[in-house]
>>> print(open('my_file.cif').read())   # mmCIF, C-alpha atoms
data_upload
loop_
_atom_site.label_atom_id
_atom_site.label_comp_id
_atom_site.auth_asym_id
_atom_site.auth_seq_id
_atom_site.Cartn_x
_atom_site.Cartn_y
_atom_site.Cartn_z
CA MET A 1105 -83.26 -1.12 48.22
CA ILE A 1106 -81.18 -0.62 51.37
CA SER A 1107 -80.37 -3.93 53.03
CA PRO A 1108 -81.58 -4.59 56.61
CA GLU A 1109 -77.94 -5.14 57.66
CA LEU A 1110 -76.92 -1.63 56.56
CA GLU A 1111 -80.08 -0.13 58.00
CA LEU A 1112 -79.18 -1.81 61.30
CA LEU A 1113 -75.98 0.28 61.32
CA PHE A 1114 -77.95 3.45 60.53
CA GLU A 1115 -80.34 2.81 63.41
CA SER A 1116 -77.52 1.96 65.80
CA ILE A 1117 -75.83 5.26 65.04
CA LYS A 1118 -79.04 7.21 65.72
CA VAL A 1119 -79.90 5.35 68.93
CA VAL A 1120 -76.40 5.48 70.44
CA LEU A 1121 -75.09 8.86 69.27
CA LEU A 1122 -78.34 10.85 69.11
CA SER A 1123 -80.54 9.03 71.67
CA HIS A 1124 -83.27 8.37 69.11
CA GLU A 1125 -86.13 5.99 69.82
CA ASP A 1126 -85.15 2.33 69.38
CA GLY A 1127 -88.38 1.02 67.81
CA ARG A 1128 -86.97 0.39 64.34
CA LEU A 1129 -83.79 -1.06 65.85
CA ARG A 1130 -85.87 -3.56 67.83
CA GLN A 1131 -87.88 -4.39 64.73
CA LEU A 1132 -84.76 -5.04 62.67
CA THR A 1133 -83.29 -7.37 65.30
CA SER A 1134 -86.50 -9.27 66.04
CA VAL A 1135 -88.50 -9.37 62.81
CA GLU A 1136 -86.08 -8.96 59.92
CA LYS A 1137 -83.96 -11.94 58.91
CA LEU A 1138 -80.50 -10.55 59.45
CA ASP A 1139 -77.38 -12.15 58.00
CA TRP A 1140 -75.12 -11.78 61.05
CA ASN A 1141 -71.99 -12.64 59.09
CA ARG A 1142 -72.79 -9.75 56.78
CA VAL A 1143 -73.57 -7.51 59.76
CA ALA A 1144 -70.13 -8.37 61.13
CA ASN A 1145 -68.43 -7.60 57.79
CA LEU A 1146 -70.23 -4.29 57.33
CA ALA A 1147 -69.60 -3.12 60.91
CA LYS A 1148 -65.92 -3.99 60.61
CA PHE A 1149 -65.52 -2.19 57.29
CA HIS A 1150 -67.40 0.90 58.45
CA ARG A 1151 -65.52 0.81 61.79
CA VAL A 1152 -68.62 1.25 63.89
CA ARG A 1153 -68.36 -1.98 65.90
CA PRO A 1154 -68.44 -0.26 69.33
CA ILE A 1155 -71.55 1.72 68.31
CA LEU A 1156 -73.31 -1.39 67.00
CA TYR A 1157 -72.44 -3.40 70.12
CA SER A 1158 -73.74 -0.61 72.38
CA ALA A 1159 -76.99 -0.44 70.38
CA LEU A 1160 -77.50 -4.21 70.56
CA GLN A 1161 -76.94 -4.09 74.31
CA LYS A 1162 -79.63 -1.41 74.63
CA VAL A 1163 -82.23 -3.69 73.02
CA GLY A 1164 -81.07 -6.83 74.81
CA ILE A 1165 -79.58 -8.75 71.90
CA LYS A 1166 -77.17 -11.53 72.88
CA ASN A 1167 -75.78 -13.94 70.30
CA ASN A 1168 -72.48 -15.24 68.92
CA TYR A 1169 -71.76 -11.88 67.31
CA THR A 1170 -72.19 -9.87 70.53
CA ASN A 1171 -70.07 -12.41 72.43
CA GLU A 1172 -67.23 -11.95 69.93
CA GLN A 1173 -67.57 -8.17 70.02
CA LYS A 1174 -67.36 -8.12 73.80
CA LYS A 1175 -63.88 -9.63 73.54
CA PHE A 1176 -62.92 -7.20 70.77
CA LEU A 1177 -64.06 -4.19 72.82
CA GLY A 1178 -62.07 -5.42 75.80
CA LEU A 1179 -58.93 -5.37 73.66
CA LEU A 1180 -59.90 -1.97 72.22
CA THR A 1181 -60.23 -0.55 75.74
CA LYS A 1182 -56.74 -1.76 76.66
CA LYS A 1183 -55.26 -0.31 73.46
CA ASN A 1184 -56.94 3.06 74.00
CA LEU A 1185 -55.42 3.27 77.49
CA LEU A 1186 -51.97 2.37 76.17
CA TYR A 1187 -52.29 4.96 73.40
CA GLN A 1188 -53.18 7.65 75.95
CA ILE A 1189 -50.04 6.81 77.95
CA GLU A 1190 -47.87 6.81 74.83
CA PHE A 1191 -49.36 10.07 73.60
CA GLN A 1192 -48.56 11.82 76.88
CA PHE A 1193 -44.96 10.54 76.69
CA ILE A 1194 -44.51 11.55 73.03
CA ILE A 1195 -45.87 15.04 73.65
CA SER A 1196 -43.39 15.52 76.51
CA LEU A 1197 -40.56 14.07 74.43
CA LEU A 1198 -41.18 16.37 71.46
CA ASN A 1199 -41.77 19.41 73.66
CA LYS A 1200 -38.37 18.86 75.30
CA ASN A 1201 -36.86 18.96 71.84
CA GLN A 1202 -38.88 22.04 70.83
CA ILE A 1203 -40.85 20.18 68.15
CA SER A 1204 -44.51 21.03 67.50
CA VAL A 1205 -47.01 18.20 67.07
CA LEU A 1206 -50.78 18.00 66.66
CA PRO A 1207 -53.10 15.07 67.37
CA TYR A 1208 -54.77 14.14 64.12
CA LYS A 1209 -57.71 12.08 62.86
CA GLY A 1210 -58.79 9.41 65.37
CA LEU A 1211 -56.87 10.78 68.32
CA LEU A 1212 -58.24 14.29 67.78
CA PHE A 1213 -61.82 13.44 66.84
CA GLN A 1214 -62.17 10.82 69.56
CA GLN A 1215 -61.30 13.30 72.30
CA LYS A 1216 -63.06 16.36 70.87
CA LEU A 1217 -66.30 14.79 69.62
CA PHE A 1218 -67.08 11.68 71.68
CA THR A 1219 -68.31 11.91 75.27
CA ASN A 1220 -67.65 8.17 75.51
CA THR A 1221 -64.32 7.80 73.68
CA LEU A 1222 -64.67 4.02 73.54
CA LEU A 1223 -67.47 4.42 70.99
CA ARG A 1224 -65.02 5.56 68.31
CA GLU A 1225 -63.15 2.64 66.77
CA SER A 1226 -59.48 3.43 66.13
CA ARG A 1227 -56.62 1.21 65.06
CA ASP A 1228 -53.66 3.51 65.61
CA MET A 1229 -52.49 6.92 66.80
CA ASP A 1230 -52.25 9.67 64.19
CA LEU A 1231 -49.83 12.55 64.69
CA LEU A 1232 -49.22 15.57 62.45
CA VAL A 1233 -45.84 17.32 62.30
CA LEU A 1234 -44.25 19.89 60.02
CA PRO A 1235 -42.20 18.47 57.11
CA LYS A 1236 -38.99 20.03 58.43
CA ASP A 1237 -39.33 18.15 61.72
CA VAL A 1238 -40.00 14.67 60.29
CA PRO A 1239 -36.41 13.28 60.46
CA MET A 1240 -35.93 14.39 64.07
CA VAL A 1241 -39.34 13.07 65.16
CA ILE A 1242 -38.68 9.65 63.62
CA GLU A 1243 -35.21 9.49 65.15
CA LEU A 1244 -36.56 10.36 68.61
CA LEU A 1245 -39.35 7.78 68.36
CA CYS A 1246 -36.91 5.09 67.25
CA GLN A 1247 -34.65 5.94 70.19
CA ASN A 1248 -37.63 5.29 72.47
CA GLY A 1249 -38.67 1.85 71.34
CA TRP A 1250 -40.59 2.48 68.12
CA LYS A 1251 -39.72 0.71 64.86
CA MET A 1252 -40.17 2.35 61.47
CA MET A 1253 -41.54 0.86 58.27
CA TYR A 1254 -39.31 0.55 55.18
CA SER A 1255 -36.16 0.08 57.28
CA GLU A 1256 -34.65 -3.42 57.21
CA ASP A 1257 -34.31 -3.74 60.98
CA GLY A 1258 -36.93 -1.15 61.93
CA ASN A 1259 -34.33 1.23 63.31
CA PHE A 1260 -33.79 4.82 62.23
CA ASP A 1261 -32.27 4.99 58.75
CA LYS A 1262 -31.40 8.52 57.63
CA ASN A 1263 -31.27 7.71 53.91
CA THR A 1264 -34.69 6.04 54.05
CA VAL A 1265 -36.18 8.94 56.02
CA ASP A 1266 -34.71 11.55 53.65
CA ASP A 1267 -36.15 9.62 50.71
CA LEU A 1268 -39.58 9.52 52.38
CA VAL A 1269 -39.66 13.23 53.15
CA ASN A 1270 -38.57 14.20 49.64
CA ASN A 1271 -40.90 11.72 47.95
CA LEU A 1272 -43.99 13.25 46.37
CA VAL A 1273 -46.10 10.09 46.74
CA LEU A 1274 -45.84 9.14 50.40
CA LYS A 1275 -46.78 11.72 53.02
CA GLU A 1276 -46.92 9.52 56.09
CA LEU A 1277 -44.95 6.80 57.85
CA ASN A 1278 -46.08 3.95 60.06
CA LEU A 1279 -44.13 3.17 63.23
CA PHE A 1280 -44.91 0.31 65.59
CA LYS A 1281 -43.90 -1.15 68.93
CA GLU A 1282 -44.83 -4.06 71.16
CA SER A 1283 -46.21 -3.07 74.57
CA PRO A 1284 -45.23 -4.97 77.75
CA GLN A 1285 -48.77 -6.40 77.65
CA GLY A 1286 -48.05 -8.01 74.25
CA ILE A 1287 -50.25 -5.55 72.33
CA THR A 1288 -48.87 -4.09 69.09
CA LEU A 1289 -49.23 -0.31 68.97
CA SER A 1290 -49.03 1.77 65.80
CA ILE A 1291 -48.37 5.42 64.96
CA ASP A 1292 -49.25 7.01 61.63
CA LEU A 1293 -46.93 9.99 61.39
CA HIS A 1294 -48.22 12.56 58.88
CA TRP A 1295 -46.57 15.64 57.39
CA ALA A 1296 -49.17 16.39 54.71
CA LEU A 1297 -52.94 15.99 54.46
CA GLN A 1298 -53.60 14.68 50.96
CA GLU A 1299 -52.07 12.95 47.97
CA SER A 1300 -50.62 14.94 45.08
CA TYR A 1301 -53.57 14.12 42.79
CA HIS A 1302 -56.06 15.81 45.13
CA VAL A 1303 -57.12 19.39 44.42
CA TYR A 1304 -57.66 20.36 48.07
CA ASN A 1305 -55.02 22.77 49.33
CA LEU A 1306 -55.04 22.31 53.11
CA THR A 1307 -51.46 22.01 54.41
CA ALA A 1308 -49.80 20.98 57.67
CA GLU A 1309 -48.63 24.57 58.01
CA ASP A 1310 -52.27 25.77 57.87
CA CYS A 1311 -53.17 23.42 60.72
CA PHE A 1312 -50.34 24.66 62.95
CA SER A 1313 -50.94 28.33 62.17
CA ASN A 1314 -54.57 27.92 63.27
CA SER A 1315 -53.76 26.18 66.58
CA SER A 1316 -53.29 27.27 70.18
CA LEU A 1317 -52.63 25.78 73.61
CA GLU A 1318 -55.65 23.99 75.06
CA PRO A 1319 -56.30 21.27 77.67
CA PHE A 1320 -56.27 17.78 76.19
CA ASN A 1321 -56.10 14.52 78.16
CA ASN A 1322 -55.15 16.40 81.35
CA LYS A 1323 -52.32 18.18 79.57
CA SER A 1324 -51.94 21.53 77.85
CA ILE A 1325 -51.02 21.00 74.20
CA MET A 1326 -51.38 22.64 70.81
CA LEU A 1327 -54.81 21.98 69.31
CA PRO A 1328 -56.40 23.22 66.06
CA SER A 1329 -59.15 25.82 66.26
CA THR A 1330 -62.76 24.68 65.86
CA PRO A 1331 -62.93 25.73 62.17
CA MET A 1332 -59.63 23.97 61.52
CA ILE A 1333 -60.77 20.76 63.23
CA TYR A 1334 -63.76 20.80 60.89
CA GLN A 1335 -61.58 21.48 57.85
CA MET A 1336 -59.17 18.67 58.83
CA MET A 1337 -62.14 16.32 59.25
CA LEU A 1338 -63.66 17.38 55.93
CA ASN A 1339 -60.34 17.05 54.13
CA HIS A 1340 -59.79 13.48 55.33
CA HIS A 1341 -63.30 12.04 55.60
CA GLY A 1342 -64.74 13.66 52.49
CA GLY A 1343 -61.71 14.68 50.44
CA ARG A 1344 -59.42 11.69 50.85
CA GLU A 1345 -61.96 9.01 51.79
CA ALA A 1346 -65.08 10.25 49.95
CA TRP A 1347 -67.42 9.49 52.88
CA THR A 1348 -67.05 5.77 52.13
CA LYS A 1349 -67.27 4.65 55.78
CA LEU A 1350 -70.07 5.36 58.23
CA LYS A 1351 -67.44 6.15 60.85
CA TYR A 1352 -66.79 9.39 58.97
CA ILE A 1353 -70.48 10.26 58.93
CA CYS A 1354 -70.57 9.65 62.71
CA ASP A 1355 -67.82 12.22 63.26
CA LEU A 1356 -69.74 14.79 61.20
CA ILE A 1357 -73.00 14.06 63.05
CA LEU A 1358 -71.32 14.57 66.42
CA PHE A 1359 -69.52 17.73 65.29
CA LYS A 1360 -72.87 19.26 64.32
CA GLN A 1361 -74.38 18.16 67.62
CA ILE A 1362 -71.54 19.60 69.73
CA TYR A 1363 -71.51 22.92 67.84
CA PRO A 1364 -75.23 23.58 67.16
CA THR A 1365 -74.77 27.34 66.68
CA ILE A 1366 -72.55 26.96 63.61
CA THR A 1367 -74.62 27.99 60.59
CA LYS A 1368 -74.78 26.46 57.13
CA ASN A 1369 -73.11 29.58 55.72
CA GLU A 1370 -70.19 29.14 58.13
CA TYR A 1371 -69.74 25.50 57.14
CA ASP A 1372 -69.85 26.49 53.47
CA GLU A 1373 -67.32 29.27 54.03
CA TRP A 1374 -64.90 27.04 55.94
CA ALA A 1375 -65.13 24.38 53.23
CA SER A 1376 -64.71 26.79 50.31
CA ILE A 1377 -61.39 28.11 51.63
CA TYR A 1378 -59.73 24.80 50.76
CA LYS A 1379 -61.82 23.86 47.69
CA MET A 1380 -64.07 21.48 49.63
CA PHE A 1381 -67.51 23.07 49.14
CA LYS A 1382 -68.97 20.08 47.29
CA ILE A 1383 -67.69 17.39 49.65
CA ASN A 1384 -69.05 19.53 52.49
CA LYS A 1385 -72.51 19.46 50.91
CA ILE A 1386 -72.37 15.73 50.21
CA GLY A 1387 -71.36 14.93 53.80
CA HIS A 1388 -74.13 17.05 55.33
CA ASP A 1389 -76.71 15.60 52.93
CA LEU A 1390 -75.76 12.01 53.74
CA ALA A 1391 -75.77 12.69 57.50
CA GLU A 1392 -79.17 14.40 57.42
CA HIS A 1393 -80.75 11.71 55.25
CA ILE A 1394 -79.64 9.04 57.72
CA ILE A 1395 -80.81 11.05 60.75
CA GLN A 1396 -84.19 11.84 59.16
CA ASN A 1397 -84.61 8.28 57.86
CA ARG A 1398 -84.79 9.49 54.25
CA LEU A 1399 -83.46 6.22 52.90
CA SER A 1400 -85.17 6.51 49.53
CA THR A 1401 -83.50 9.91 49.03
CA ILE A 1402 -80.09 8.32 49.55
CA GLU A 1403 -81.03 5.65 47.00
CA ASN A 1404 -82.13 8.27 44.47
CA ASP A 1405 -79.60 11.06 45.04
CA TYR A 1406 -76.46 9.19 46.14
CA PRO A 1407 -76.64 5.67 44.66
CA GLN A 1408 -72.86 5.41 44.19
CA TYR A 1409 -72.21 6.13 47.86
CA LEU A 1410 -74.90 3.67 48.91
CA ASP A 1411 -73.50 1.03 46.59
CA PHE A 1412 -70.09 1.52 48.14
CA TRP A 1413 -71.49 1.31 51.67
CA GLU A 1414 -73.28 -1.93 50.83
CA LYS A 1415 -70.57 -3.67 48.84
CA ALA A 1416 -67.17 -2.34 49.83
CA SER A 1417 -66.70 -4.74 52.71
CA ILE A 1418 -67.82 -7.85 50.83
CA ASN A 1419 -64.80 -9.58 49.34
CA ASP A 1420 -66.29 -11.79 46.65
CA LYS A 1421 -65.83 -12.37 42.92
CA SER A 1422 -68.64 -9.99 42.01
CA ASN A 1423 -66.81 -7.08 43.65
CA PRO A 1424 -63.02 -7.49 43.30
CA GLU A 1425 -60.59 -4.94 44.74
CA ILE A 1426 -59.72 -3.30 41.41
CA PHE A 1427 -63.36 -2.37 40.75
CA ARG A 1428 -63.78 -0.98 44.28
CA ARG A 1429 -60.70 1.17 43.70
CA ILE A 1430 -62.02 2.49 40.38
CA ALA A 1431 -65.40 3.27 41.98
CA PHE A 1432 -63.64 5.03 44.84
CA LEU A 1433 -61.55 7.22 42.52
CA GLY A 1434 -64.72 8.03 40.60
CA LEU A 1435 -66.28 9.39 43.81
CA ILE A 1436 -63.15 11.48 44.42
CA ARG A 1437 -63.30 13.02 40.93
CA LYS A 1438 -67.02 13.77 41.01
CA SER A 1439 -66.86 15.40 44.45
CA GLN A 1440 -64.40 18.10 43.35
CA ASP A 1441 -65.72 21.65 43.36
CA THR A 1442 -64.87 21.88 39.67
CA VAL A 1443 -65.26 18.42 38.16
CA GLU A 1444 -62.49 17.90 35.62
CA SER A 1445 -62.62 15.52 32.68
CA ARG A 1446 -61.82 11.85 33.16
CA LEU A 1447 -58.72 12.24 30.99
CA LYS A 1448 -57.35 15.12 33.08
CA PHE A 1449 -58.02 13.25 36.32
CA ILE A 1450 -56.39 10.08 34.96
CA GLU A 1451 -53.38 12.12 33.88
CA ARG A 1452 -52.90 13.42 37.43
CA LEU A 1453 -53.33 9.89 38.82
CA LEU A 1454 -50.68 8.60 36.43
CA ILE A 1455 -48.25 11.33 37.43
CA HIS A 1456 -48.86 10.51 41.10
CA TYR A 1457 -48.57 6.73 40.86
CA SER A 1458 -45.76 6.66 38.29
CA ARG A 1459 -43.25 7.93 40.85
CA PRO A 1460 -41.35 5.13 42.61
CA ASN A 1461 -41.90 5.02 46.36
CA ARG A 1462 -40.95 2.92 49.37
CA ALA A 1463 -44.44 1.52 49.93
CA GLU A 1464 -44.47 -0.47 46.70
CA GLU A 1465 -42.65 -3.63 45.72
CA LYS A 1466 -39.40 -3.11 43.85
CA ARG A 1467 -39.90 -2.25 40.19
CA LEU A 1468 -38.19 -4.02 37.32
CA PHE A 1469 -37.02 -0.64 36.04
CA TYR A 1470 -37.76 3.05 36.39
CA PHE A 1471 -36.74 6.35 34.84
CA HIS A 1472 -36.44 9.98 35.83
CA GLU A 1473 -39.81 11.23 37.10
CA LYS A 1474 -40.29 13.45 34.04
CA TYR A 1475 -40.83 10.27 31.98
CA THR A 1476 -44.32 9.66 33.35
CA TYR A 1477 -45.58 7.11 30.86
CA LEU A 1478 -42.40 5.04 30.86
CA ASN A 1479 -42.64 4.85 34.65
CA VAL A 1480 -46.32 3.87 34.40
CA LEU A 1481 -45.28 1.06 32.04
CA GLY A 1482 -42.56 0.04 34.47
CA LYS A 1483 -45.01 -0.07 37.35
CA LEU A 1484 -47.60 -2.09 35.42
CA LEU A 1485 -45.04 -4.65 34.26
CA SER A 1486 -43.61 -4.88 37.78
CA VAL A 1487 -47.05 -5.48 39.28
CA VAL A 1488 -47.73 -8.24 36.73
CA PHE A 1489 -44.30 -9.80 37.34
CA ASN A 1490 -44.52 -9.67 41.15
CA THR A 1491 -48.11 -10.94 41.19
CA SER A 1492 -47.21 -13.83 38.87
CA ARG A 1493 -44.29 -14.81 41.09
CA LYS A 1494 -46.57 -14.89 44.13
CA ILE A 1495 -49.11 -17.08 42.34
CA LEU A 1496 -46.39 -19.48 41.18
CA LYS A 1497 -44.89 -19.65 44.67
CA ASN A 1498 -48.27 -20.24 46.29
CA ASN A 1499 -48.85 -23.14 43.88
CA GLY A 1500 -45.44 -24.67 44.58
CA ILE A 1501 -44.11 -24.03 41.07
CA LEU A 1502 -41.40 -21.62 42.26
CA GLY A 1503 -39.27 -22.27 45.31
#
>>> encode(input="my_file.cif", output="structure tokens")
Amino acid sequence: MISPELELLFESIKVVLLSHEDGRLRQLTSVEKLDWNRVANLAKFHRVRPILYSALQKVGIKNNYTNEQKKFLGLLTKKNLLYQIEFQFIISLLNKNQISVLPYKGLLFQQKLFTNTLLRESRDMDLLVLPKDVPMVIELLCQNGWKMMYSEDGNFDKNTVDDLVNNLVLKELNLFKESPQGITLSIDLHWALQESYHVYNLTAEDCFSNSSLEPFNNKSIMLPSTPMIYQMMLNHHGGREAWTKLKYICDLILFKQIYPTITKNEYDEWASIYKMFKINKIGHDLAEHIIQNRLSTIENDYPQYLDFWEKASINDKSNPEIFRRIAFLGLIRKSQDTVESRLKFIERLLIHYSRPNRAEEKRLFYFHEKYTYLNVLGKLLSVVFNTSRKILKNNGILG
């Protein structure tokens, strides 16, 4: 049975984004015995805190949770303003150097789908560039105050950047800087749209070839076409993230609301181009069941998704990280248009994760990438070794 805490999030989404009646929302907050710590955990995991806070304001709820969220939303407002300023500067900087860039994920969906942009919770600024431009983009950003991950001092390191671009595991890089206001800002720079074990075939080049100049934040920049925005959203929210956060469902709900004339056949066609027909269907089903309050249908037809929504944010012994990861990968496999065997899927996962990359801790040993299983063994032994060292250090056994 769906918990009242999760249902509270469902109702908040409907009341705030779709202007539904607030009767059930009022009932949940006045009659049901809500665990507000669990509400806070779920809202944080699903990244719908601004939507929940707005809904609670509408029905006059004031408590410790809303007081905390008011402070959080104040910080979020400041960060959004700083990101807008930085985005304008970066666009001008890259244009001067004849480098194409697209807003991606939060930055794109926030501006294109949300009338009130503060309702979409974002932690960073996502940018998409072509693989050939990655070294120059990173160098320019580092020259203008940004620090890059995987570099010892955060400054531009050509060898590190070349290794990142040529690596088949990592397809993005985090850069960060401290604003004059003391707020840490973050960029996720992308040059691909999925990991190597995914079957979806949407590329950065596809996104740029289906883009044109449009107004955006009082500036004319390259933006993806409407079908491409949908395909980018579907690829990330459904393909990479398997609809595991309600934030992703919110984006889909608003896309459908903003473009009401798009037919089911058009959605199906757009999704099929990049092998995403099934994740397209799953996303639309989940969104409609929430909107129409068909909670029992979600329980019956999509129990694994519901289980993930209920448990993924709860960090306790009954739901450790490794089991969440296995459940997540299971959703990825089963949502493929052609579901392959577990063995085939595991083989592609092993090939992907066996390759050494800058995001992981240093391995004890590794071989040429053609030796997949030896590299898997090396990674497993390294994880055990590094984890054991941390445990011993934390207990004062190692200095």
>>> closest_atom_pairs(input="my_file.cif", of="stretch 1271-1333 of chain A", to="stretch 1371-1385 of chain A", cutoff="8 Å", atoms="all atoms listed in the file", output="Markdown table")
| residue | atom | partner | partner_atom | distance |
| --- | --- | --- | --- | --- |
| A:Val1303 | CA | A:Lys1379 | CA | 7.3 |
| A:Tyr1304 | CA | A:Lys1379 | CA | 5.4 |
| A:Asn1305 | CA | A:Tyr1378 | CA | 5.3 |
| A:Leu1306 | CA | A:Tyr1378 | CA | 5.8 |
| A:Pro1331 | CA | A:Trp1374 | CA | 6.7 |
>>> closest_residue(input="my_file.cif", among="A:Ser1300, A:Glu1392, A:Met1332, A:Glu1403", to="A:Ser1313", atoms="all atoms listed in the file")
A:Met1332
>>> resolve_selection(input="my_file.cif", expression="the PyMOL selection byres ((chain A and resi 1155) around 12)", output="PyMOL selection string")
chain A and resi 1112-1122+1147-1148+1150-1154+1156-1162+1170+1173+1177+1218+1220-1225+1350-1351+1354
>>> resolve_selection(input="my_file.cif", expression="the PyMOL selection byres ((chain A and resi 1284-1290) around 9)", output="number ranges by chain")
A: 1179, 1182-1183, 1186-1187, 1227-1230, 1250, 1278-1283, 1291-1292
>>> write_last_selection(input="my_file.cif", atoms="C-alpha atoms", output="tab-separated table (two decimals), in the frame of the given file")
chain	number	residue	atom	x	y	z
A	1179	LEU	CA	-58.93	-5.37	73.66
A	1182	LYS	CA	-56.74	-1.76	76.66
A	1183	LYS	CA	-55.26	-0.31	73.46
A	1186	LEU	CA	-51.97	2.37	76.17
A	1187	TYR	CA	-52.29	4.96	73.40
A	1227	ARG	CA	-56.62	1.21	65.06
A	1228	ASP	CA	-53.66	3.51	65.61
A	1229	MET	CA	-52.49	6.92	66.80
A	1230	ASP	CA	-52.25	9.67	64.19
A	1250	TRP	CA	-40.59	2.48	68.12
A	1278	ASN	CA	-46.08	3.95	60.06
A	1279	LEU	CA	-44.13	3.17	63.23
A	1280	PHE	CA	-44.91	0.31	65.59
A	1281	LYS	CA	-43.90	-1.15	68.93
A	1282	GLU	CA	-44.83	-4.06	71.16
A	1283	SER	CA	-46.21	-3.07	74.57
A	1291	ILE	CA	-48.37	5.42	64.96
A	1292	ASP	CA	-49.25	7.01	61.63
>>> resolve_selection(input="my_file.cif", expression="the PyMOL selection byres ((chain A and resi 1359) around 10)", output="ChimeraX atom specification")
/A:1213,1216-1218,1330,1333-1334,1337,1353-1358,1360-1364,1366
>>> residues_around(input="my_file.cif", residues="A:Ser1316", least_positions_apart="3", cutoff="9 Å", atoms="all atoms listed in the file", output="MDAnalysis selection string")
chainID A and resid 1312:1313 1325:1329
>>> closest_residue(input="my_file.cif", among="A:Lys1415, A:Arg1398, A:Lys1368, A:His1124", to="A:Leu1146", atoms="all atoms listed in the file")
A:Lys1415
>>> residues_around(input="my_file.cif", residues="stretch 1445-1448 of chain A", least_positions_apart="2", cutoff="12 Å", atoms="only C-alpha atoms", output="compact mmCIF listing (two decimals) with C-alpha atoms, keeping the file's coordinate frame")
# COMPACT_ATOMS: atom_id res chain seq x y z
CA TYR A 1301 -53.57 14.12 42.79
CA ILE A 1430 -62.02 2.49 40.38
CA LEU A 1433 -61.55 7.22 42.52
CA GLY A 1434 -64.72 8.03 40.60
CA LEU A 1435 -66.28 9.39 43.81
CA ILE A 1436 -63.15 11.48 44.42
CA ARG A 1437 -63.30 13.02 40.93
CA LYS A 1438 -67.02 13.77 41.01
CA GLN A 1440 -64.40 18.10 43.35
CA THR A 1442 -64.87 21.88 39.67
CA VAL A 1443 -65.26 18.42 38.16
CA ILE A 1450 -56.39 10.08 34.96
CA GLU A 1451 -53.38 12.12 33.88
CA ARG A 1452 -52.90 13.42 37.43
CA LEU A 1453 -53.33 9.89 38.82
CA LEU A 1454 -50.68 8.60 36.43
CA ILE A 1455 -48.25 11.33 37.43
